[in-house]
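Engineer: Next up is a structure, given as structure tokens.
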Amino acid sequence: MILRQFQVTLSPSKLGYRASRVSRVFSSVLNMSKAGYSSRASTSDSVVSVQWLHANLKEPDTKVLDASWYMPDEKRNPLQEYQVAHTPGALFFDVDGISDQTTNLPHMLPSEQAFAAAVSALGVENKDSLVVYDGKGIFSAARVWWMFRVFGHDRVWVLDGGLPKWRASGFDVESSASSDAILKASAATEAIQKVYQGQAVGPITFEAKFQPHLVWSLAQVWKNIEDKTYQHVDARSKARFDGTAAEPRKGIRSGHVPGSKCIPFGQMLDESQSLLPADDLLKRFEQEGISIDKPVVTSCGTGVTACILALGLHRLGKSDVAVYDGSWTEWGANPDTPVDTQPASTT
């Protein structure tokens, strides 16, 4: 593995570069290189390489989840695509199915009990090391990475570059899903529904421990407009953020939460849809006036790509980033919430 040179330039105008931050980021860079060689991936980084997964695929406590999900207008069926091609032994994680069944908002975080029941039905245990990927590179896999962390499981990573990079590297895929894998995917969705209907579910192999600081509600975002305790970063496109492009979902206003900044999620990724090195990520956030030393909450359209920002910040040693789960679909649909359509200042 070639480790890119890491440089930080100190200047009087950027006193934010404190020694603690440099140490944190540099530690993440070193852990990135170590993960390529060790059979135990480092929890200090948020991704593992396709080479690492290929070398560790048969480890008994390693489980792989295909968490592919696509925007409705893409007209792609993730379960069908999973059945056509997936990494050997991967299980299918249904982003829409493993969600809160009491709301009309898309794929909201389920309850602690419901999540535990669903992933137990998939065969996931607390001792497992989980690698999550998707069919785009890094997209919806970041959401599932975040979900597991919200429920107390830190031994989870996103496959850097996802299934496209796995295939481009010449590694084998399975072109048909076993009946057991399909049954587990169905059982996970059924377990969620049973929990919300008050019915008994099968044996629980995964104990969920909810981490409330990693997920935000509409009320918390609204309060933060006045308090300004957290830096709010929106992962949607600049046009949607500025209100010059219509939202893809009907009935939702255009614009952004007052005081928030825009860093489109694609700025976290390179041409192969892999996560950028730490020094490049740091520059992206600094360019928008985001300090790594201050608290951050992220949002997007429906809480998916906000998790890519959290993934990038985790690589920078910031593991406490909150995600606004309802994101713009909830905020923009509420007639009472304030909306700004002026470009945010970076000062």
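Every chain in the structure tokens has a letter given in the order shown (A, B, ...), and although residue numbers restart at 1 in each chain, ligands are simply numbered from 1 in the order shown.
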What's around segment 140-151 of chain A at 7 Å? Count only C-alpha atoms, leave out sequence neighbours fewer than 3 positions away in its own chain, and write the answer as a list in words.

Structural biologist: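 Listing them by chain and then by number gives Ala67, Ser68, Trp69, Glu112, Val132, Tyr133, Asp134, Asp154, Val156, Trp157, Val158, Ala208, Lys209, Phe210, Gln211, Leu214, Val304, Cys307, Ile308 and Leu311 of chain A.
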
Engineer: Just to be explicit: take each residue in the selection above, keep N, CA and C atoms, and write the result as a PDB file, in the first residue's frame.

Structural biologist:
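Written file, result_6.pdb:
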ATOM      1  N   ALA A  67     -25.762  -3.518   1.444  1.00  0.00           N
ATOM      2  CA  ALA A  67     -26.749  -2.524   1.895  1.00  0.00           C
ATOM      3  C   ALA A  67     -27.134  -1.588   0.758  1.00  0.00           C
ATOM      4  N   SER A  68     -27.155  -2.086  -0.445  1.00  0.00           N
ATOM      5  CA  SER A  68     -27.475  -1.247  -1.600  1.00  0.00           C
ATOM      6  C   SER A  68     -28.888  -0.686  -1.506  1.00  0.00           C
ATOM      7  N   TRP A  69     -28.994   0.583  -1.859  1.00  0.00           N
ATOM      8  CA  TRP A  69     -30.279   1.296  -1.894  1.00  0.00           C
ATOM      9  C   TRP A  69     -30.146   2.394  -2.932  1.00  0.00           C
ATOM     10  N   GLU A 112     -34.741   0.422  19.170  1.00  0.00           N
ATOM     11  CA  GLU A 112     -33.662  -0.452  19.632  1.00  0.00           C
ATOM     12  C   GLU A 112     -34.077  -1.921  19.554  1.00  0.00           C
ATOM     13  N   VAL A 132     -19.763  -3.446   5.371  1.00  0.00           N
ATOM     14  CA  VAL A 132     -20.982  -3.070   4.648  1.00  0.00           C
ATOM     15  C   VAL A 132     -20.582  -2.458   3.307  1.00  0.00           C
ATOM     16  N   TYR A 133     -21.275  -2.856   2.241  1.00  0.00           N
ATOM     17  CA  TYR A 133     -20.985  -2.257   0.941  1.00  0.00           C
ATOM     18  C   TYR A 133     -22.283  -1.971   0.204  1.00  0.00           C
ATOM     19  N   ASP A 134     -22.162  -1.230  -0.905  1.00  0.00           N
ATOM     20  CA  ASP A 134     -23.314  -1.002  -1.775  1.00  0.00           C
ATOM     21  C   ASP A 134     -22.884  -1.051  -3.237  1.00  0.00           C
ATOM     22  N   ASP A 154     -19.421  -0.905  17.265  1.00  0.00           N
ATOM     23  CA  ASP A 154     -18.338  -0.142  16.637  1.00  0.00           C
ATOM     24  C   ASP A 154     -17.500  -0.964  15.662  1.00  0.00           C
ATOM     25  N   VAL A 156     -17.639  -2.100  12.788  1.00  0.00           N
ATOM     26  CA  VAL A 156     -18.335  -2.045  11.506  1.00  0.00           C
ATOM     27  C   VAL A 156     -17.579  -1.087  10.589  1.00  0.00           C
ATOM     28  N   TRP A 157     -17.428  -1.480   9.332  1.00  0.00           N
ATOM     29  CA  TRP A 157     -16.700  -0.683   8.357  1.00  0.00           C
ATOM     30  C   TRP A 157     -17.444  -0.682   7.027  1.00  0.00           C
ATOM     31  N   VAL A 158     -17.192   0.356   6.238  1.00  0.00           N
ATOM     32  CA  VAL A 158     -17.703   0.407   4.870  1.00  0.00           C
ATOM     33  C   VAL A 158     -16.614  -0.101   3.936  1.00  0.00           C
ATOM     34  N   ALA A 208     -28.667  -4.546  21.224  1.00  0.00           N
ATOM     35  CA  ALA A 208     -28.514  -3.153  20.791  1.00  0.00           C
ATOM     36  C   ALA A 208     -28.406  -2.240  22.001  1.00  0.00           C
ATOM     37  N   LYS A 209     -27.478  -1.290  21.911  1.00  0.00           N
ATOM     38  CA  LYS A 209     -27.296  -0.297  22.981  1.00  0.00           C
ATOM     39  C   LYS A 209     -27.354   1.093  22.342  1.00  0.00           C
ATOM     40  N   PHE A 210     -28.498   1.716  22.408  1.00  0.00           N
ATOM     41  CA  PHE A 210     -28.754   2.980  21.729  1.00  0.00           C
ATOM     42  C   PHE A 210     -27.812   4.092  22.195  1.00  0.00           C
ATOM     43  N   GLN A 211     -27.218   4.783  21.214  1.00  0.00           N
ATOM     44  CA  GLN A 211     -26.309   5.899  21.468  1.00  0.00           C
ATOM     45  C   GLN A 211     -27.001   7.194  21.016  1.00  0.00           C
ATOM     46  N   LEU A 214     -25.720  10.259  18.706  1.00  0.00           N
ATOM     47  CA  LEU A 214     -25.406  10.118  17.284  1.00  0.00           C
ATOM     48  C   LEU A 214     -26.593  10.377  16.359  1.00  0.00           C
ATOM     49  N   VAL A 304     -29.496   9.525   4.312  1.00  0.00           N
ATOM     50  CA  VAL A 304     -28.565   8.540   3.734  1.00  0.00           C
ATOM     51  C   VAL A 304     -27.198   9.175   3.509  1.00  0.00           C
ATOM     52  N   CYS A 307     -24.753  10.471   6.172  1.00  0.00           N
ATOM     53  CA  CYS A 307     -23.866   9.492   6.806  1.00  0.00           C
ATOM     54  C   CYS A 307     -22.519   9.397   6.098  1.00  0.00           C
ATOM     55  N   ILE A 308     -22.459   9.807   4.820  1.00  0.00           N
ATOM     56  CA  ILE A 308     -21.174   9.842   4.114  1.00  0.00           C
ATOM     57  C   ILE A 308     -20.309  10.959   4.687  1.00  0.00           C
ATOM     58  N   LEU A 311     -19.010   9.629   7.808  1.00  0.00           N
ATOM     59  CA  LEU A 311     -17.958   8.666   7.494  1.00  0.00           C
ATOM     60  C   LEU A 311     -16.624   9.382   7.279  1.00  0.00           C
TER      61      LEU A 311
END

Engineer: DSSP on the backbone, then: every residue of segment 180-299 of chain A marked alpha helix (DSSP H), written as a PyMOL selection string.

Structural biologist: chain A and resi 180-196+218-227+238-242+278-287

Engineer: So, with only C-alpha atoms as the atoms that count, which of A:Gly259, A:Gly89, A:Pro277, A:Gly326 lies closest to Pro106 of chain A?

Structural biologist: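 Ranking A:Gly259, A:Gly89, A:Pro277, A:Gly326 by distance to Pro106 of chain A, first place goes to A:Gly326.
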
Engineer: Please report, as a list in words, each residue of segment 19-207 of chain A to which DSSP assigns strand (DSSP E) when run on this structure's backbone.

Structural biologist: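 Of segment 19-207 of chain A, the ones in strand (DSSP E) are Val47, Val48, Thr62, Lys63, Val64, Leu65, Asp66, Leu91, Phe92, Ser129, Leu130, Val131, Val132, Tyr133, Val156, Trp157, Val158 and Leu159 of chain A.
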
Engineer: Could you give me, as a compact mmCIF listing (two decimals) with N, CA and C atoms, in the first residue's frame, the residues within 12 Å of Thr62 of chain A, counting only C-alpha atoms and dropping anything in the same chain fewer than 4 positions from it?

Structural biologist:
# COMPACT_ATOMS: atom_id res chain seq x y z
N SER A 39 -5.20 -8.55 10.09
CA SER A 39 -6.45 -9.30 9.99
C SER A 39 -7.52 -8.69 10.89
N ARG A 40 -7.12 -7.73 11.73
CA ARG A 40 -8.07 -7.03 12.58
C ARG A 40 -8.14 -5.58 12.14
N ALA A 41 -9.21 -5.21 11.47
CA ALA A 41 -9.33 -3.83 10.99
C ALA A 41 -9.41 -2.88 12.18
N TRP A 52 -8.26 -5.90 1.74
CA TRP A 52 -8.40 -6.40 3.12
C TRP A 52 -9.55 -7.38 3.22
N LEU A 53 -10.69 -7.03 2.63
CA LEU A 53 -11.84 -7.92 2.71
C LEU A 53 -11.55 -9.25 2.03
N HIS A 54 -10.91 -9.20 0.87
CA HIS A 54 -10.59 -10.43 0.15
C HIS A 54 -9.71 -11.35 1.01
N ALA A 55 -8.77 -10.75 1.74
CA ALA A 55 -7.85 -11.53 2.57
C ALA A 55 -8.52 -12.06 3.83
N ASN A 56 -9.59 -11.41 4.27
CA ASN A 56 -10.22 -11.76 5.55
C ASN A 56 -11.65 -12.29 5.41
N LEU A 57 -12.05 -12.56 4.17
CA LEU A 57 -13.44 -12.94 3.91
C LEU A 57 -13.86 -14.21 4.64
N LYS A 58 -12.92 -15.12 4.86
CA LYS A 58 -13.25 -16.40 5.48
C LYS A 58 -13.03 -16.43 6.99
N PRO A 88 -18.91 -12.94 -2.12
CA PRO A 88 -19.19 -14.29 -1.60
C PRO A 88 -19.66 -14.26 -0.14
N GLY A 89 -20.81 -14.86 0.09
CA GLY A 89 -21.34 -14.99 1.45
C GLY A 89 -22.05 -13.77 2.00
N ALA A 90 -22.15 -12.71 1.21
CA ALA A 90 -22.78 -11.48 1.72
C ALA A 90 -24.27 -11.69 1.99
N LEU A 91 -24.76 -11.01 3.03
CA LEU A 91 -26.18 -11.01 3.37
C LEU A 91 -26.79 -9.70 2.89
N GLY A 123 -28.69 -13.07 11.33
CA GLY A 123 -27.61 -13.90 11.84
C GLY A 123 -26.43 -13.11 12.37
N VAL A 124 -26.62 -11.82 12.61
CA VAL A 124 -25.55 -10.96 13.13
C VAL A 124 -25.48 -11.08 14.65
N GLU A 125 -24.24 -11.15 15.17
CA GLU A 125 -24.02 -11.21 16.60
C GLU A 125 -23.10 -10.07 17.03
N ASN A 126 -23.10 -9.77 18.32
CA ASN A 126 -22.28 -8.67 18.83
C ASN A 126 -20.78 -8.91 18.62
N LYS A 127 -20.37 -10.16 18.54
CA LYS A 127 -18.95 -10.45 18.38
C LYS A 127 -18.47 -10.28 16.93
N ASP A 128 -19.39 -10.07 16.01
CA ASP A 128 -19.04 -10.02 14.59
C ASP A 128 -18.36 -8.73 14.18
N SER A 129 -17.43 -8.87 13.25
CA SER A 129 -16.87 -7.72 12.55
C SER A 129 -17.65 -7.59 11.24
N LEU A 130 -18.26 -6.44 11.03
CA LEU A 130 -19.16 -6.25 9.89
C LEU A 130 -18.53 -5.35 8.84
N VAL A 131 -18.62 -5.77 7.58
CA VAL A 131 -18.21 -4.94 6.45
C VAL A 131 -19.46 -4.71 5.60
N VAL A 132 -19.76 -3.45 5.37
CA VAL A 132 -20.98 -3.07 4.65
C VAL A 132 -20.58 -2.46 3.31
N ARG A 155 -17.61 -2.27 15.72
CA ARG A 155 -16.82 -3.10 14.81
C ARG A 155 -17.56 -3.24 13.48
N VAL A 156 -17.64 -2.10 12.79
CA VAL A 156 -18.33 -2.05 11.51
C VAL A 156 -17.58 -1.09 10.59
N TRP A 157 -17.43 -1.48 9.33
CA TRP A 157 -16.70 -0.68 8.36
C TRP A 157 -17.44 -0.68 7.03

Engineer: Might you pull out every residue within 6 Å of segment 167-179 of chain A, with only C-alpha atoms counted and same-chain residues fewer than 5 positions away left off, and present them as a PyMOL selection string?

Structural biologist: chain A and resi 83-88

Engineer: Could those selected residues go to a file with N, CA and C atoms, as a PDB file, in the first residue's frame?

Structural biologist:
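Generated file (again_3.pdb):
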ATOM      1  N   GLN A  83     -29.141 -10.494  -5.925  1.00  0.00           N
ATOM      2  CA  GLN A  83     -29.261 -11.874  -6.375  1.00  0.00           C
ATOM      3  C   GLN A  83     -28.430 -12.143  -7.632  1.00  0.00           C
ATOM      4  N   VAL A  84     -28.225 -11.121  -8.433  1.00  0.00           N
ATOM      5  CA  VAL A  84     -27.423 -11.271  -9.655  1.00  0.00           C
ATOM      6  C   VAL A  84     -25.931 -11.302  -9.336  1.00  0.00           C
ATOM      7  N   ALA A  85     -25.489 -10.436  -8.423  1.00  0.00           N
ATOM      8  CA  ALA A  85     -24.058 -10.367  -8.108  1.00  0.00           C
ATOM      9  C   ALA A  85     -23.828  -9.751  -6.739  1.00  0.00           C
ATOM     10  N   HIS A  86     -23.082 -10.461  -5.893  1.00  0.00           N
ATOM     11  CA  HIS A  86     -22.685  -9.931  -4.586  1.00  0.00           C
ATOM     12  C   HIS A  86     -21.385 -10.598  -4.164  1.00  0.00           C
ATOM     13  N   THR A  87     -20.720 -10.015  -3.178  1.00  0.00           N
ATOM     14  CA  THR A  87     -19.490 -10.629  -2.694  1.00  0.00           C
ATOM     15  C   THR A  87     -19.821 -11.977  -2.057  1.00  0.00           C
ATOM     16  N   PRO A  88     -18.910 -12.945  -2.123  1.00  0.00           N
ATOM     17  CA  PRO A  88     -19.188 -14.286  -1.595  1.00  0.00           C
ATOM     18  C   PRO A  88     -19.657 -14.261  -0.139  1.00  0.00           C
TER      19      PRO A  88
END

Engineer: So, counting only C-alpha atoms, which residue among A:Gly162, A:Pro258, A:Pro110, A:Gly251 is closest to Ile192 of chain A?

Structural biologist: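 That would be A:Pro110, the residue with the smallest distance to Ile192 of chain A.
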
Engineer: Residues near segment 297-300 of chain A, anyone? I mean within 7 Å using only C-alpha atoms, not counting same-chain ones fewer than 5 positions away, as a CSV table (one decimal) with all heavy atoms, in the first residue's frame.

Structural biologist:
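Heads up, here's the output in result_5.csv:
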chain,number,residue,atom,x,y,z
A,230,TYR,N,-23.8,23.4,17.6
A,230,TYR,CA,-23.3,22.5,16.6
A,230,TYR,C,-23.2,23.1,15.2
A,230,TYR,O,-24.0,24.0,14.8
A,230,TYR,CB,-24.2,21.2,16.4
A,230,TYR,CG,-24.0,20.2,17.5
A,230,TYR,CD1,-24.3,20.4,18.8
A,230,TYR,CD2,-23.5,18.9,17.1
A,230,TYR,CE1,-24.1,19.4,19.8
A,230,TYR,CE2,-23.3,17.9,18.1
A,230,TYR,CZ,-23.6,18.2,19.4
A,230,TYR,OH,-23.4,17.2,20.4
A,231,GLN,N,-22.2,22.8,14.5
A,231,GLN,CA,-22.0,23.2,13.1
A,231,GLN,C,-22.9,22.2,12.2
A,231,GLN,O,-22.7,21.0,12.3
A,231,GLN,CB,-20.6,23.1,12.6
A,231,GLN,CG,-19.6,23.9,13.4
A,231,GLN,CD,-18.2,23.5,13.2
A,231,GLN,OE1,-17.5,24.2,12.5
A,231,GLN,NE2,-17.8,22.4,13.7
A,232,HIS,N,-23.8,22.8,11.5
A,232,HIS,CA,-24.8,21.9,10.7
A,232,HIS,C,-24.3,21.9,9.3
A,232,HIS,O,-24.2,22.9,8.6
A,232,HIS,CB,-26.2,22.5,10.8
A,232,HIS,CG,-27.2,21.7,10.2
A,232,HIS,ND1,-28.6,21.8,10.4
A,232,HIS,CD2,-27.1,20.7,9.2
A,232,HIS,CE1,-29.2,21.0,9.7
A,232,HIS,NE2,-28.4,20.3,9.0
A,233,VAL,N,-24.0,20.7,8.8
A,233,VAL,CA,-23.5,20.5,7.4
A,233,VAL,C,-24.5,19.7,6.6
A,233,VAL,O,-24.9,18.6,7.0
A,233,VAL,CB,-22.1,19.8,7.4
A,233,VAL,CG1,-21.5,19.9,6.0
A,233,VAL,CG2,-21.2,20.5,8.4
A,234,ASP,N,-24.9,20.2,5.5
A,234,ASP,CA,-25.9,19.5,4.6
A,234,ASP,C,-25.2,18.9,3.4
A,234,ASP,O,-24.4,19.5,2.7
A,234,ASP,CB,-26.9,20.6,4.1
A,234,ASP,CG,-28.1,20.1,3.4
A,234,ASP,OD1,-28.0,19.0,2.7
A,234,ASP,OD2,-29.2,20.7,3.6
A,235,ALA,N,-25.5,17.6,3.2
A,235,ALA,CA,-24.8,16.8,2.1
A,235,ALA,C,-25.5,16.9,0.8
A,235,ALA,O,-25.0,16.3,-0.2
A,235,ALA,CB,-24.7,15.3,2.6
A,236,ARG,N,-26.6,17.6,0.6
A,236,ARG,CA,-27.3,17.7,-0.7
A,236,ARG,C,-26.5,18.6,-1.6
A,236,ARG,O,-25.6,19.3,-1.3
A,236,ARG,CB,-28.7,18.3,-0.5
A,236,ARG,CG,-29.7,17.4,0.3
A,236,ARG,CD,-31.0,18.1,0.5
A,236,ARG,NE,-30.8,19.4,1.3
A,236,ARG,CZ,-31.5,20.4,1.2
A,236,ARG,NH1,-32.6,20.5,0.3
A,236,ARG,NH2,-31.3,21.5,1.9
A,305,THR,N,-27.1,10.2,2.6
A,305,THR,CA,-25.8,10.7,2.3
A,305,THR,C,-25.2,11.6,3.4
A,305,THR,O,-24.0,11.9,3.4
A,305,THR,CB,-25.9,11.5,1.0
A,305,THR,OG1,-26.8,12.6,1.1
A,305,THR,CG2,-26.3,10.7,-0.2
A,306,ALA,N,-26.1,12.0,4.4
A,306,ALA,CA,-25.5,12.7,5.6
A,306,ALA,C,-24.5,11.8,6.3
A,306,ALA,O,-23.5,12.2,6.9
A,306,ALA,CB,-26.6,13.0,6.5
A,309,LEU,N,-20.9,12.1,5.0
A,309,LEU,CA,-20.2,13.2,5.7
A,309,LEU,C,-19.7,12.7,7.1
A,309,LEU,O,-18.5,12.9,7.4
A,309,LEU,CB,-21.1,14.4,5.9
A,309,LEU,CG,-21.6,15.1,4.7
A,309,LEU,CD1,-22.4,16.4,5.1
A,309,LEU,CD2,-20.4,15.5,3.7
A,321,VAL,N,-20.1,12.5,15.5
A,321,VAL,CA,-20.9,13.3,14.6
A,321,VAL,C,-22.4,12.8,14.7
A,321,VAL,O,-22.6,11.6,14.5
A,321,VAL,CB,-20.4,13.2,13.2
A,321,VAL,CG1,-21.3,14.0,12.2
A,321,VAL,CG2,-19.0,13.8,13.1
A,322,ALA,N,-23.3,13.7,14.9
A,322,ALA,CA,-24.7,13.4,14.9
A,322,ALA,C,-25.3,13.5,13.5
A,322,ALA,O,-24.8,14.3,12.7
A,322,ALA,CB,-25.5,14.3,15.9
A,323,VAL,N,-26.3,12.7,13.2
A,323,VAL,CA,-27.0,12.7,11.9
A,323,VAL,C,-28.5,13.1,12.2
A,323,VAL,O,-29.1,12.5,13.1
A,323,VAL,CB,-26.9,11.4,11.2
A,323,VAL,CG1,-27.8,11.4,10.0
A,323,VAL,CG2,-25.5,11.1,10.7
A,324,TYR,N,-29.0,14.1,11.5
A,324,TYR,CA,-30.4,14.4,11.6
A,324,TYR,C,-31.2,13.4,10.8
A,324,TYR,O,-31.2,13.5,9.6
A,324,TYR,CB,-30.6,15.9,11.1
A,324,TYR,CG,-32.1,16.3,11.0
A,324,TYR,CD1,-33.1,15.7,11.7
A,324,TYR,CD2,-32.4,17.3,10.1
A,324,TYR,CE1,-34.4,16.1,11.6
A,324,TYR,CE2,-33.8,17.7,9.9
A,324,TYR,CZ,-34.8,17.1,10.7
A,324,TYR,OH,-36.1,17.4,10.5
A,327,SER,N,-33.9,14.6,8.3
A,327,SER,CA,-33.3,15.4,7.3
A,327,SER,C,-34.3,16.3,6.5
A,327,SER,O,-35.3,16.7,7.0
A,327,SER,CB,-32.4,14.6,6.3
A,327,SER,OG,-31.2,14.3,6.9
A,328,TRP,N,-34.0,16.7,5.3
A,328,TRP,CA,-34.8,17.7,4.6
A,328,TRP,C,-36.2,17.2,4.2
A,328,TRP,O,-37.1,18.0,4.2
A,328,TRP,CB,-34.1,18.1,3.3
A,328,TRP,CG,-34.7,19.4,2.8
A,328,TRP,CD1,-35.5,19.5,1.7
A,328,TRP,CD2,-34.7,20.7,3.4
A,328,TRP,NE1,-36.0,20.8,1.6
A,328,TRP,CE2,-35.5,21.5,2.6
A,328,TRP,CE3,-34.1,21.2,4.6
A,328,TRP,CZ2,-35.7,22.9,3.0
A,328,TRP,CZ3,-34.2,22.5,4.9
A,328,TRP,CH2,-35.0,23.4,4.1

Engineer: Rounded to one decimal in Å, what is the spacing between atom CA of Phe93 of chain A and atom CA of Gln113 of chain A?

Structural biologist: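 About the pair atom CA of Phe93 of chain A and atom CA of Gln113 of chain A: they are 16.9 Å apart.
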
Engineer: Measure the distance from atom CA of Lys136 of chain A to atom CA of Asp160 of chain A in Å and round it to one decimal.

Structural biologist: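 Separating atom CA of Lys136 of chain A from atom CA of Asp160 of chain A is a distance of 10.6 Å.
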
Engineer: Mind giving me the straight-line distance from atom CA of Gly301 of chain A to atom CA of Ala121 of chain A in Å, one decimal?

Structural biologist: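 These atoms are spaced 29.0 Å apart.
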
Engineer: Point out the residue among A:Ala114, A:Leu163, A:Val201, A:Ile252 with the least atom-to-atom distance to Ala333 of chain A, counting only C-alpha atoms.

Structural biologist: A:Ile252

Engineer: Measuring atom to atom with only C-alpha atoms, identify which of A:Ala246, A:Thr102, A:Asp293, A:Met71 is nearest to Tyr196 of chain A.

Structural biologist: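 Checking each candidate against Tyr196 of chain A, we get A:Thr102 as the closest.
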